[in-house]
$ cat model-v3.pdb   # PDB, C-alpha atoms and all ligand atoms
ATOM      1  CA  TYR A1339     -25.936  16.901  -3.620
ATOM      2  CA  GLN A1340     -23.394  14.553  -5.077
ATOM      3  CA  ASP A1341     -22.337  15.239  -8.631
ATOM      4  CA  ARG A1342     -20.891  11.820  -9.300
ATOM      5  CA  ILE A1343     -22.525   8.435  -9.079
ATOM      6  CA  ASN A1344     -21.492   4.803  -9.425
ATOM      7  CA  ILE A1345     -22.812   2.841 -12.388
ATOM      8  CA  ALA A1346     -23.041  -0.967 -12.229
ATOM      9  CA  ILE A1347     -23.298  -2.902 -15.489
ATOM     10  CA  ASP A1348     -23.950  -6.655 -15.358
ATOM     11  CA  GLY A1349     -24.924  -9.294 -17.868
ATOM     12  CA  PRO A1350     -23.744 -12.368 -19.767
ATOM     13  CA  ALA A1351     -20.717 -12.663 -22.087
ATOM     14  CA  GLY A1352     -20.876 -10.652 -25.292
ATOM     15  CA  ALA A1353     -23.788  -8.444 -24.239
ATOM     16  CA  GLY A1354     -21.616  -5.399 -24.907
ATOM     17  CA  LYS A1355     -20.826  -4.500 -21.299
ATOM     18  CA  SER A1356     -17.144  -3.650 -21.556
ATOM     19  CA  THR A1357     -17.367  -1.762 -24.855
ATOM     20  CA  VAL A1358     -20.284   0.312 -23.613
ATOM     21  CA  ALA A1359     -18.959   0.764 -20.056
ATOM     22  CA  ARG A1360     -15.663   2.088 -21.405
ATOM     23  CA  MET A1361     -17.448   4.590 -23.666
ATOM     24  CA  VAL A1362     -19.845   5.750 -20.956
ATOM     25  CA  ALA A1363     -16.912   6.241 -18.560
ATOM     26  CA  SER A1364     -15.015   8.257 -21.126
ATOM     27  CA  ARG A1365     -18.026  10.503 -21.889
ATOM     28  CA  LEU A1366     -18.580  11.198 -18.173
ATOM     29  CA  GLN A1367     -14.863  11.297 -17.369
ATOM     30  CA  TYR A1368     -15.430   8.487 -14.897
ATOM     31  CA  ILE A1369     -13.117   5.579 -14.116
ATOM     32  CA  TYR A1370     -13.843   2.287 -15.865
ATOM     33  CA  VAL A1371     -13.331  -0.923 -13.898
ATOM     34  CA  ASP A1372     -13.441  -4.226 -15.798
ATOM     35  CA  THR A1373     -13.935  -6.859 -13.088
ATOM     36  CA  GLY A1374     -13.907  -9.711 -15.621
ATOM     37  CA  ALA A1375     -10.293  -8.787 -16.382
ATOM     38  CA  MET A1376      -9.436  -9.468 -12.738
ATOM     39  CA  TYR A1377     -10.981 -12.964 -12.796
ATOM     40  CA  ARG A1378      -9.265 -13.570 -16.123
ATOM     41  CA  ALA A1379      -5.857 -12.494 -14.767
ATOM     42  CA  VAL A1380      -6.177 -14.887 -11.835
ATOM     43  CA  THR A1381      -7.211 -17.682 -14.220
ATOM     44  CA  TRP A1382      -4.204 -17.064 -16.467
ATOM     45  CA  PHE A1383      -1.924 -17.223 -13.444
ATOM     46  CA  MET A1384      -3.448 -20.478 -12.129
ATOM     47  CA  LEU A1385      -3.329 -22.162 -15.551
ATOM     48  CA  ASN A1386       0.336 -21.205 -15.852
ATOM     49  CA  GLN A1387       1.136 -22.612 -12.437
ATOM     50  CA  GLY A1388      -0.779 -25.778 -13.249
ATOM     51  CA  ILE A1389      -3.218 -25.269 -10.373
ATOM     52  CA  ASP A1390      -6.448 -27.121 -10.946
ATOM     53  CA  ALA A1391      -9.692 -25.196 -10.379
ATOM     54  CA  GLU A1392     -11.048 -28.107  -8.343
ATOM     55  CA  ASN A1393      -8.267 -27.724  -5.793
ATOM     56  CA  HIS A1394      -9.800 -24.761  -3.969
ATOM     57  CA  GLU A1395      -7.310 -24.875  -1.125
ATOM     58  CA  LYS A1396      -4.338 -24.560  -3.448
ATOM     59  CA  VAL A1397      -6.003 -21.846  -5.519
ATOM     60  CA  LEU A1398      -6.637 -19.815  -2.382
ATOM     61  CA  GLN A1399      -3.103 -20.376  -1.140
ATOM     62  CA  HIS A1400      -1.723 -18.864  -4.327
ATOM     63  CA  ALA A1401      -4.347 -16.124  -4.477
ATOM     64  CA  GLN A1402      -3.672 -14.929  -0.960
ATOM     65  CA  ASN A1403      -0.656 -12.740  -1.639
ATOM     66  CA  MET A1404      -1.480 -11.996  -5.246
ATOM     67  CA  VAL A1405      -1.416  -8.299  -6.204
ATOM     68  CA  ILE A1406      -3.821  -7.273  -8.952
ATOM     69  CA  GLU A1407      -3.800  -3.753 -10.385
ATOM     70  CA  LEU A1408      -5.867  -2.158 -13.128
ATOM     71  CA  LYS A1409      -4.246   0.736 -14.989
ATOM     72  CA  PRO A1410      -5.879   2.974 -17.562
ATOM     73  CA  HIS A1411      -4.231   2.687 -20.985
ATOM     74  CA  GLU A1412      -4.770   4.286 -24.422
ATOM     75  CA  THR A1413      -6.247   1.102 -25.838
ATOM     76  CA  GLY A1414      -8.396   0.277 -22.824
ATOM     77  CA  GLN A1415      -7.157  -1.127 -19.601
ATOM     78  CA  MET A1416      -3.969  -2.810 -18.458
ATOM     79  CA  VAL A1417      -4.003  -5.630 -15.934
ATOM     80  CA  LEU A1418      -0.937  -6.184 -13.777
ATOM     81  CA  LEU A1419      -0.548  -9.361 -11.770
ATOM     82  CA  ASN A1420       2.254  -9.226  -9.191
ATOM     83  CA  GLY A1421       3.619  -6.310 -11.209
ATOM     84  CA  GLU A1422       3.632  -8.193 -14.509
ATOM     85  CA  ASP A1423       1.513  -7.031 -17.460
ATOM     86  CA  VAL A1424      -0.789  -9.950 -18.300
ATOM     87  CA  THR A1425      -3.141  -7.969 -20.566
ATOM     88  CA  PRO A1426      -2.129  -9.766 -23.782
ATOM     89  CA  PHE A1427      -3.054 -13.162 -22.335
ATOM     90  CA  ILE A1428      -6.319 -12.732 -20.505
ATOM     91  CA  ARG A1429      -8.558 -12.927 -23.612
ATOM     92  CA  LEU A1430      -6.998 -16.162 -24.886
ATOM     93  CA  HIS A1431      -9.500 -18.899 -25.578
ATOM     94  CA  GLN A1432      -8.048 -21.191 -22.928
ATOM     95  CA  VAL A1433      -8.634 -18.484 -20.316
ATOM     96  CA  SER A1434     -12.217 -17.844 -21.477
ATOM     97  CA  ALA A1435     -12.890 -21.565 -21.316
ATOM     98  CA  SER A1436     -11.671 -21.925 -17.706
ATOM     99  CA  VAL A1437     -12.436 -18.626 -15.998
ATOM    100  CA  SER A1438     -15.896 -19.593 -14.711
ATOM    101  CA  LYS A1439     -14.433 -22.620 -12.917
ATOM    102  CA  TYR A1440     -12.107 -20.409 -10.871
ATOM    103  CA  ALA A1441     -14.662 -17.600 -10.488
ATOM    104  CA  ARG A1442     -16.943 -19.851  -8.466
ATOM    105  CA  ILE A1443     -14.431 -20.227  -5.631
ATOM    106  CA  GLU A1444     -15.800 -18.300  -2.657
ATOM    107  CA  GLY A1445     -12.536 -17.149  -1.041
ATOM    108  CA  LEU A1446     -11.277 -15.860  -4.352
ATOM    109  CA  ARG A1447     -14.463 -13.864  -4.923
ATOM    110  CA  THR A1448     -14.242 -12.366  -1.424
ATOM    111  CA  LYS A1449     -10.773 -11.051  -2.197
ATOM    112  CA  LEU A1450     -11.666  -9.591  -5.579
ATOM    113  CA  VAL A1451     -14.991  -8.124  -4.433
ATOM    114  CA  HIS A1452     -13.184  -6.326  -1.617
ATOM    115  CA  LEU A1453     -10.657  -4.880  -4.069
ATOM    116  CA  GLN A1454     -13.452  -3.767  -6.400
ATOM    117  CA  GLN A1455     -15.327  -2.048  -3.585
ATOM    118  CA  GLN A1456     -12.192  -0.110  -2.653
ATOM    119  CA  MET A1457     -11.911   1.136  -6.243
ATOM    120  CA  ALA A1458     -15.392   2.661  -6.071
ATOM    121  CA  THR A1459     -15.381   4.479  -2.733
ATOM    122  CA  GLN A1460     -14.809   7.913  -4.333
ATOM    123  CA  LYS A1461     -17.764   7.489  -6.761
ATOM    124  CA  GLY A1462     -17.487   8.290 -10.454
ATOM    125  CA  VAL A1463     -16.922   4.648 -11.396
ATOM    126  CA  VAL A1464     -18.443   2.566 -14.173
ATOM    127  CA  MET A1465     -17.935  -1.083 -13.230
ATOM    128  CA  ASP A1466     -18.927  -4.079 -15.317
ATOM    129  CA  GLY A1467     -19.166  -7.750 -14.405
ATOM    130  CA  ARG A1468     -21.681 -10.322 -13.205
ATOM    131  CA  ASP A1469     -22.405  -9.414  -9.579
ATOM    132  CA  ILE A1470     -21.768  -5.670  -9.445
ATOM    133  CA  GLY A1471     -25.366  -4.539  -8.853
ATOM    134  CA  THR A1472     -26.135  -7.421  -6.499
ATOM    135  CA  THR A1473     -22.950  -7.890  -4.459
ATOM    136  CA  VAL A1474     -20.072  -5.513  -5.195
ATOM    137  CA  LEU A1475     -21.955  -2.185  -5.339
ATOM    138  CA  PRO A1476     -25.493  -2.860  -4.074
ATOM    139  CA  ASP A1477     -25.813   0.904  -3.445
ATOM    140  CA  ALA A1478     -24.830   1.956  -6.974
ATOM    141  CA  GLU A1479     -27.080   4.844  -8.056
ATOM    142  CA  LEU A1480     -27.586   3.344 -11.514
ATOM    143  CA  LYS A1481     -27.722  -0.382 -12.312
ATOM    144  CA  ILE A1482     -27.982  -1.760 -15.821
ATOM    145  CA  PHE A1483     -28.522  -5.420 -16.677
ATOM    146  CA  MET A1484     -27.463  -5.851 -20.286
ATOM    147  CA  THR A1485     -28.523  -8.874 -22.311
ATOM    148  CA  ALA A1486     -28.764 -10.076 -25.909
ATOM    149  CA  SER A1487     -29.673 -13.412 -27.472
ATOM    150  CA  VAL A1488     -27.001 -16.139 -27.309
ATOM    151  CA  LYS A1489     -26.864 -16.194 -31.129
ATOM    152  CA  GLU A1490     -26.201 -12.455 -31.335
ATOM    153  CA  ARG A1491     -23.610 -12.572 -28.565
ATOM    154  CA  ALA A1492     -21.755 -15.465 -30.182
ATOM    155  CA  LEU A1493     -21.809 -13.627 -33.505
ATOM    156  CA  ARG A1494     -20.338 -10.503 -31.894
ATOM    157  CA  ARG A1495     -17.487 -12.543 -30.393
ATOM    158  CA  PHE A1496     -16.960 -14.363 -33.683
ATOM    159  CA  ASN A1497     -16.582 -11.099 -35.601
ATOM    160  CA  GLU A1498     -14.217  -9.850 -32.946
ATOM    161  CA  LEU A1499     -11.984 -12.923 -32.785
ATOM    162  CA  ARG A1500     -11.487 -13.733 -36.452
ATOM    163  CA  ASP A1501      -9.864 -16.922 -35.257
ATOM    164  CA  GLU A1502     -10.178 -19.469 -38.056
ATOM    165  CA  SER A1503      -9.805 -22.369 -35.628
ATOM    166  CA  ILE A1504     -13.028 -21.560 -33.753
ATOM    167  CA  THR A1505     -16.408 -21.938 -35.409
ATOM    168  CA  LEU A1506     -19.490 -19.885 -34.656
ATOM    169  CA  GLU A1507     -21.185 -23.029 -33.332
ATOM    170  CA  GLN A1508     -18.280 -23.680 -30.956
ATOM    171  CA  LEU A1509     -18.454 -20.107 -29.653
ATOM    172  CA  GLU A1510     -22.203 -20.323 -29.199
ATOM    173  CA  HIS A1511     -21.740 -23.528 -27.231
ATOM    174  CA  ASP A1512     -18.916 -22.054 -25.092
ATOM    175  CA  ILE A1513     -20.874 -18.896 -24.295
ATOM    176  CA  ALA A1514     -24.020 -20.840 -23.364
ATOM    177  CA  GLU A1515     -21.941 -23.066 -21.085
ATOM    178  CA  ARG A1516     -20.294 -20.064 -19.397
ATOM    179  CA  ASP A1517     -23.734 -18.425 -18.935
ATOM    180  CA  ARG A1518     -24.899 -21.615 -17.256
ATOM    181  CA  LEU A1519     -21.902 -21.901 -14.887
ATOM    182  CA  ASP A1520     -22.088 -18.188 -14.003
ATOM    183  CA  ALA A1521     -25.840 -18.276 -13.369
ATOM    184  CA  GLU A1522     -25.881 -21.539 -11.432
ATOM    185  CA  ARG A1523     -22.946 -21.070  -9.068
ATOM    186  CA  GLU A1524     -23.705 -20.680  -5.374
ATOM    187  CA  VAL A1525     -21.652 -17.593  -4.586
ATOM    188  CA  SER A1526     -22.981 -14.381  -6.166
ATOM    189  CA  PRO A1527     -24.342 -15.868  -9.371
ATOM    190  CA  LEU A1528     -25.099 -13.848 -12.490
ATOM    191  CA  ARG A1529     -28.458 -12.384 -11.589
ATOM    192  CA  CYS A1530     -30.363  -9.210 -12.360
ATOM    193  CA  ALA A1531     -30.617  -6.914  -9.320
ATOM    194  CA  GLU A1532     -34.195  -6.051  -8.381
ATOM    195  CA  ASP A1533     -33.573  -2.369  -8.967
ATOM    196  CA  ALA A1534     -31.645  -2.764 -12.240
ATOM    197  CA  ILE A1535     -32.796  -1.501 -15.623
ATOM    198  CA  VAL A1536     -32.860  -4.347 -18.137
ATOM    199  CA  LEU A1537     -31.454  -3.453 -21.536
ATOM    200  CA  ASP A1538     -31.811  -6.010 -24.329
ATOM    201  CA  THR A1539     -29.212  -4.989 -26.904
ATOM    202  CA  THR A1540     -29.915  -7.725 -29.473
ATOM    203  CA  GLN A1541     -31.237  -5.142 -31.938
ATOM    204  CA  MET A1542     -29.237  -2.142 -30.718
ATOM    205  CA  ASP A1543     -25.900  -0.834 -31.931
ATOM    206  CA  ILE A1544     -23.217   0.335 -29.531
ATOM    207  CA  ASN A1545     -24.045   4.038 -29.808
ATOM    208  CA  GLN A1546     -27.710   3.474 -29.070
ATOM    209  CA  VAL A1547     -26.803   1.586 -25.927
ATOM    210  CA  VAL A1548     -24.331   4.268 -24.816
ATOM    211  CA  GLU A1549     -26.880   7.050 -25.368
ATOM    212  CA  ALA A1550     -29.565   5.104 -23.485
ATOM    213  CA  ILE A1551     -27.300   4.690 -20.454
ATOM    214  CA  LEU A1552     -26.162   8.325 -20.522
ATOM    215  CA  SER A1553     -29.783   9.384 -20.532
ATOM    216  CA  TYR A1554     -30.618   7.149 -17.528
ATOM    217  CA  CYS A1555     -27.570   8.620 -15.844
ATOM    218  CA  GLU A1556     -28.803  12.169 -16.492
ATOM    219  CA  THR A1557     -32.142  11.285 -14.898
ATOM    220  CA  VAL A1558     -30.427   9.915 -11.792
ATOM    221  CA  LEU A1559     -28.160  12.965 -11.516
ATOM    222  CA  ASP A1560     -31.179  15.286 -11.887
ATOM    223  CA  GLY A1561     -32.830  13.442  -9.031
ATOM    224  CA  GLU A1562     -29.700  13.822  -6.881
ATOM    225  CA  ARG A1563     -29.609  17.585  -7.556
ATOM    226  CA  LYS A1564     -33.229  18.010  -6.515
ATOM    227  CA  ALA A1565     -32.861  15.855  -3.424
TER     228      ALA A1565
HETATM  229  O1  LIG A1601     -15.894 -10.336 -21.550
HETATM  230  P1  LIG A1601     -16.755 -11.495 -21.193
HETATM  231  O2  LIG A1601     -18.181 -11.090 -21.016
HETATM  232  O3  LIG A1601     -16.552 -12.686 -22.007
HETATM  233  O4  LIG A1601     -16.330 -11.968 -19.766
HETATM  234  P2  LIG A1601     -15.691 -11.129 -18.624
HETATM  235  O5  LIG A1601     -16.567 -10.000 -18.218
HETATM  236  O6  LIG A1601     -14.293 -10.830 -18.983
HETATM  237  O7  LIG A1601     -15.749 -12.202 -17.441
HETATM  238  C1  LIG A1601     -15.121 -13.451 -17.569
HETATM  239  C2  LIG A1601     -15.657 -14.401 -16.520
HETATM  240  O8  LIG A1601     -15.261 -13.930 -15.223
HETATM  241  C3  LIG A1601     -17.160 -14.540 -16.443
HETATM  242  O9  LIG A1601     -17.658 -15.522 -17.332
HETATM  243  C4  LIG A1601     -17.368 -14.963 -14.977
HETATM  244  O10 LIG A1601     -17.148 -16.345 -14.797
HETATM  245  C5  LIG A1601     -16.264 -14.228 -14.265
HETATM  246  N1  LIG A1601     -16.723 -12.978 -13.642
HETATM  247  C6  LIG A1601     -17.391 -13.058 -12.435
HETATM  248  O11 LIG A1601     -17.624 -14.154 -11.953
HETATM  249  N2  LIG A1601     -17.770 -11.932 -11.786
HETATM  250  C7  LIG A1601     -17.520 -10.713 -12.299
HETATM  251  N3  LIG A1601     -17.889  -9.628 -11.605
HETATM  252  C8  LIG A1601     -16.875 -10.606 -13.552
HETATM  253  C9  LIG A1601     -16.495 -11.764 -14.205
HETATM  254  O1  LIG A1602     -18.168  -7.140 -22.178
HETATM  255  P1  LIG A1602     -19.105  -8.046 -22.913
HETATM  256  O2  LIG A1602     -18.642  -9.441 -22.945
HETATM  257  O3  LIG A1602     -20.501  -7.947 -22.391
HETATM  258  O4  LIG A1602     -19.186  -7.562 -24.425
HETATM  259  P2  LIG A1602     -18.145  -6.716 -25.280
HETATM  260  O5  LIG A1602     -16.833  -7.381 -25.219
HETATM  261  O6  LIG A1602     -18.215  -5.280 -24.871
HETATM  262  O7  LIG A1602     -18.795  -6.805 -26.718
HETATM  263  C1  LIG A1602     -18.567  -7.897 -27.586
HETATM  264  C2  LIG A1602     -18.497  -7.423 -29.019
HETATM  265  O8  LIG A1602     -19.811  -7.055 -29.471
HETATM  266  C3  LIG A1602     -17.622  -6.218 -29.250
HETATM  267  O9  LIG A1602     -16.824  -6.480 -30.392
HETATM  268  C4  LIG A1602     -18.578  -5.092 -29.526
HETATM  269  O10 LIG A1602     -18.055  -4.169 -30.448
HETATM  270  C5  LIG A1602     -19.782  -5.804 -30.110
HETATM  271  N1  LIG A1602     -21.066  -5.147 -29.840
HETATM  272  C6  LIG A1602     -21.971  -4.927 -30.838
HETATM  273  O11 LIG A1602     -21.679  -5.251 -31.973
HETATM  274  N2  LIG A1602     -23.185  -4.320 -30.607
HETATM  275  C7  LIG A1602     -23.527  -3.956 -29.375
HETATM  276  N3  LIG A1602     -24.718  -3.371 -29.135
HETATM  277  C8  LIG A1602     -22.623  -4.195 -28.314
HETATM  278  C9  LIG A1602     -21.383  -4.811 -28.570
END
$ encode --input "model-v3.pdb" --output "structure tokens"
Amino acid sequence: YQDRINIAIDGPAGAGKSTVARMVASRLQYIYVDTGAMYRAVTWFMLNQGIDAENHEKVLQHAQNMVIELKPHETGQMVLLNGEDVTPFIRLHQVSASVSKYARIEGLRTKLVHLQQQMATQKGVVMDGRDIGTTVLPDAELKIFMTASVKERALRRFNELRDESITLEQLEHDIAERDRLDAEREVSPLRCAEDAIVLDTTQMDINQVVEAILSYCETVLDGERKA
């Protein structure tokens, strides 16, 4: 039997995916892969180069030879783009506001999906994103689709940001708009895989969510041992 599995965690912004995925990975001593950080790194790069998201050809030209690396770090995960640490920039509001416009470009997704699949070949990976259970790791042994109400998700981000210049209403609007773009795009939209477990975390705290996933994981591993 195999003693390690892959865990796919998908869902909209602010559902708690990255916080929970990181904790689950640490408890299981698995590798955590934040795929959103990869799309964010590319977005930061394109914004810096002044490359418009509508100009798909130019985006792809620049993305072609781009090297993206994820490195584990004490405080989470480091993202290197062409060898340069871009971690401090990828959560900036301007990146959050534009990332979905770049993430819908098919050729760019193909490149990143391929990279993500390579990271998971050895199993023992917890990967979070939008299309992990459906497209990146359709064979993942455990798939979680994490949601929460838009209000709750905006509130979580608000408490996290503590940025006086952004109101709760603005955040709620931005998150709803990003949900819409992510769910409506043609290439691997945000969608719950048929075999995913849906977890509504609106009323759950982080530890409850982590324990729930660890318990699903135990069930899957038990099944693997018996098989
Ligand atoms: O952390 P947050 O939920 O705000 O977003 P994220 O996971 O960092 O992802 C940022 C954006 O990248 C998403 O809104 C999607 O547009 C895109 N993304 C994607 O298209 N596919 C993924 N597997 C992960 C992220
Ligand atoms: O990755 P995703 O965008 O899905 O969410 P996140 O960045 O992990 O979580 C957003 C914020 O909500 C973080 O500050 C978490 O600490 C918080 N959170 C929470 O308060 N309760 C939960 N059940 C999950 C996350």
$ residues_around --input "model-v3.pdb" --residues "segment 1548-1564 of chain A" --least-positions-apart "3" --cutoff "12 Å" --atoms "all atoms listed in the file" --output "ChimeraX atom specification"
/A:1339-1347,1354-1366,1462,1464,1478-1484,1534-1539,1542-1545
$ resolve_selection --input "model-v3.pdb" --expression "the PyMOL selection byres (((not hetatm)) within 6 of (chain A and resi 1601))" --output "list in words"
Pro1350, Ala1351, Gly1352, Thr1373, Gly1374, Ala1375, Tyr1377, Val1437, Ser1438, Ala1441, Gly1467, Arg1468, Asp1469, Ile1470, Arg1516 and Asp1520 of chain A
$ axis_aligned_box --input "model-v3.pdb" --around "ligand LIG 1602 (chain A)" --padding-each-side "6 Å" --output "AutoDock Vina command-line options"
--center_x -20.8 --center_y -6.4 --center_z -27.1 --size_x 19.9 --size_y 18.1 --size_z 21.8
$ residues_around --input "model-v3.pdb" --residues "segment 1487-1489 of chain A" --least-positions-apart "4" --cutoff "7 Å" --atoms "only C-alpha atoms" --output "ChimeraX atom specification"
/A:1493,1510,1514,1540
$ residues_around --input "model-v3.pdb" --residues "Thr1472 of chain A" --least-positions-apart "6" --cutoff "8 Å" --atoms "only C-alpha atoms" --output "PDB file with C-alpha atoms, in the frame of the given file"
ATOM      1  CA  SER A1526     -22.981 -14.381  -6.166  1.00  0.00           C
ATOM      2  CA  ARG A1529     -28.458 -12.384 -11.589  1.00  0.00           C
ATOM      3  CA  CYS A1530     -30.363  -9.210 -12.360  1.00  0.00           C
ATOM      4  CA  ALA A1531     -30.617  -6.914  -9.320  1.00  0.00           C
TER       5      ALA A1531
END
$ atom_distance --input "model-v3.pdb" --atom1 "atom CA of Arg1518 of chain A" --atom2 "atom O11 of ligand LIG 1602 (chain A)"
22.2 Å
$ closest_residue --input "model-v3.pdb" --among "A:Asn1497, A:Gln1546, A:Thr1485, A:Gln1367" --to "Ala1353 of chain A" --atoms "all atoms listed in the file"
A:Thr1485
$ build_atoms --input "model-v3.pdb" --residues "segment 1454-1466 of chain A" --atoms "N, CA and C atoms" --output "CSV table (one decimal), keeping the file's coordinate frame"
chain,number,residue,atom,x,y,z
A,1454,GLN,N,-12.6,-4.5,-5.5
A,1454,GLN,CA,-13.5,-3.8,-6.4
A,1454,GLN,C,-14.2,-2.7,-5.6
A,1455,GLN,N,-14.6,-3.0,-4.4
A,1455,GLN,CA,-15.3,-2.0,-3.6
A,1455,GLN,C,-14.4,-0.9,-3.2
A,1456,GLN,N,-13.1,-1.2,-3.0
A,1456,GLN,CA,-12.2,-0.1,-2.7
A,1456,GLN,C,-12.0,0.9,-3.8
A,1457,MET,N,-12.1,0.3,-5.1
A,1457,MET,CA,-11.9,1.1,-6.2
A,1457,MET,C,-13.1,2.1,-6.5
A,1458,ALA,N,-14.2,1.9,-5.8
A,1458,ALA,CA,-15.4,2.7,-6.1
A,1458,ALA,C,-15.8,3.6,-4.9
A,1459,THR,N,-15.0,3.7,-3.9
A,1459,THR,CA,-15.4,4.5,-2.7
A,1459,THR,C,-15.5,6.0,-3.0
A,1460,GLN,N,-14.8,6.5,-4.0
A,1460,GLN,CA,-14.8,7.9,-4.3
A,1460,GLN,C,-15.9,8.3,-5.3
A,1461,LYS,N,-16.7,7.3,-5.7
A,1461,LYS,CA,-17.8,7.5,-6.8
A,1461,LYS,C,-17.1,7.8,-8.1
A,1462,GLY,N,-18.0,8.0,-9.1
A,1462,GLY,CA,-17.5,8.3,-10.5
A,1462,GLY,C,-16.9,7.1,-11.1
A,1463,VAL,N,-17.5,5.9,-10.9
A,1463,VAL,CA,-16.9,4.6,-11.4
A,1463,VAL,C,-18.0,3.9,-12.2
A,1464,VAL,N,-17.6,3.5,-13.4
A,1464,VAL,CA,-18.4,2.6,-14.2
A,1464,VAL,C,-17.8,1.2,-14.1
A,1465,MET,N,-18.5,0.2,-13.5
A,1465,MET,CA,-17.9,-1.1,-13.2
A,1465,MET,C,-18.8,-2.1,-13.9
A,1466,ASP,N,-18.1,-3.0,-14.7
A,1466,ASP,CA,-18.9,-4.1,-15.3
A,1466,ASP,C,-18.5,-5.5,-14.9
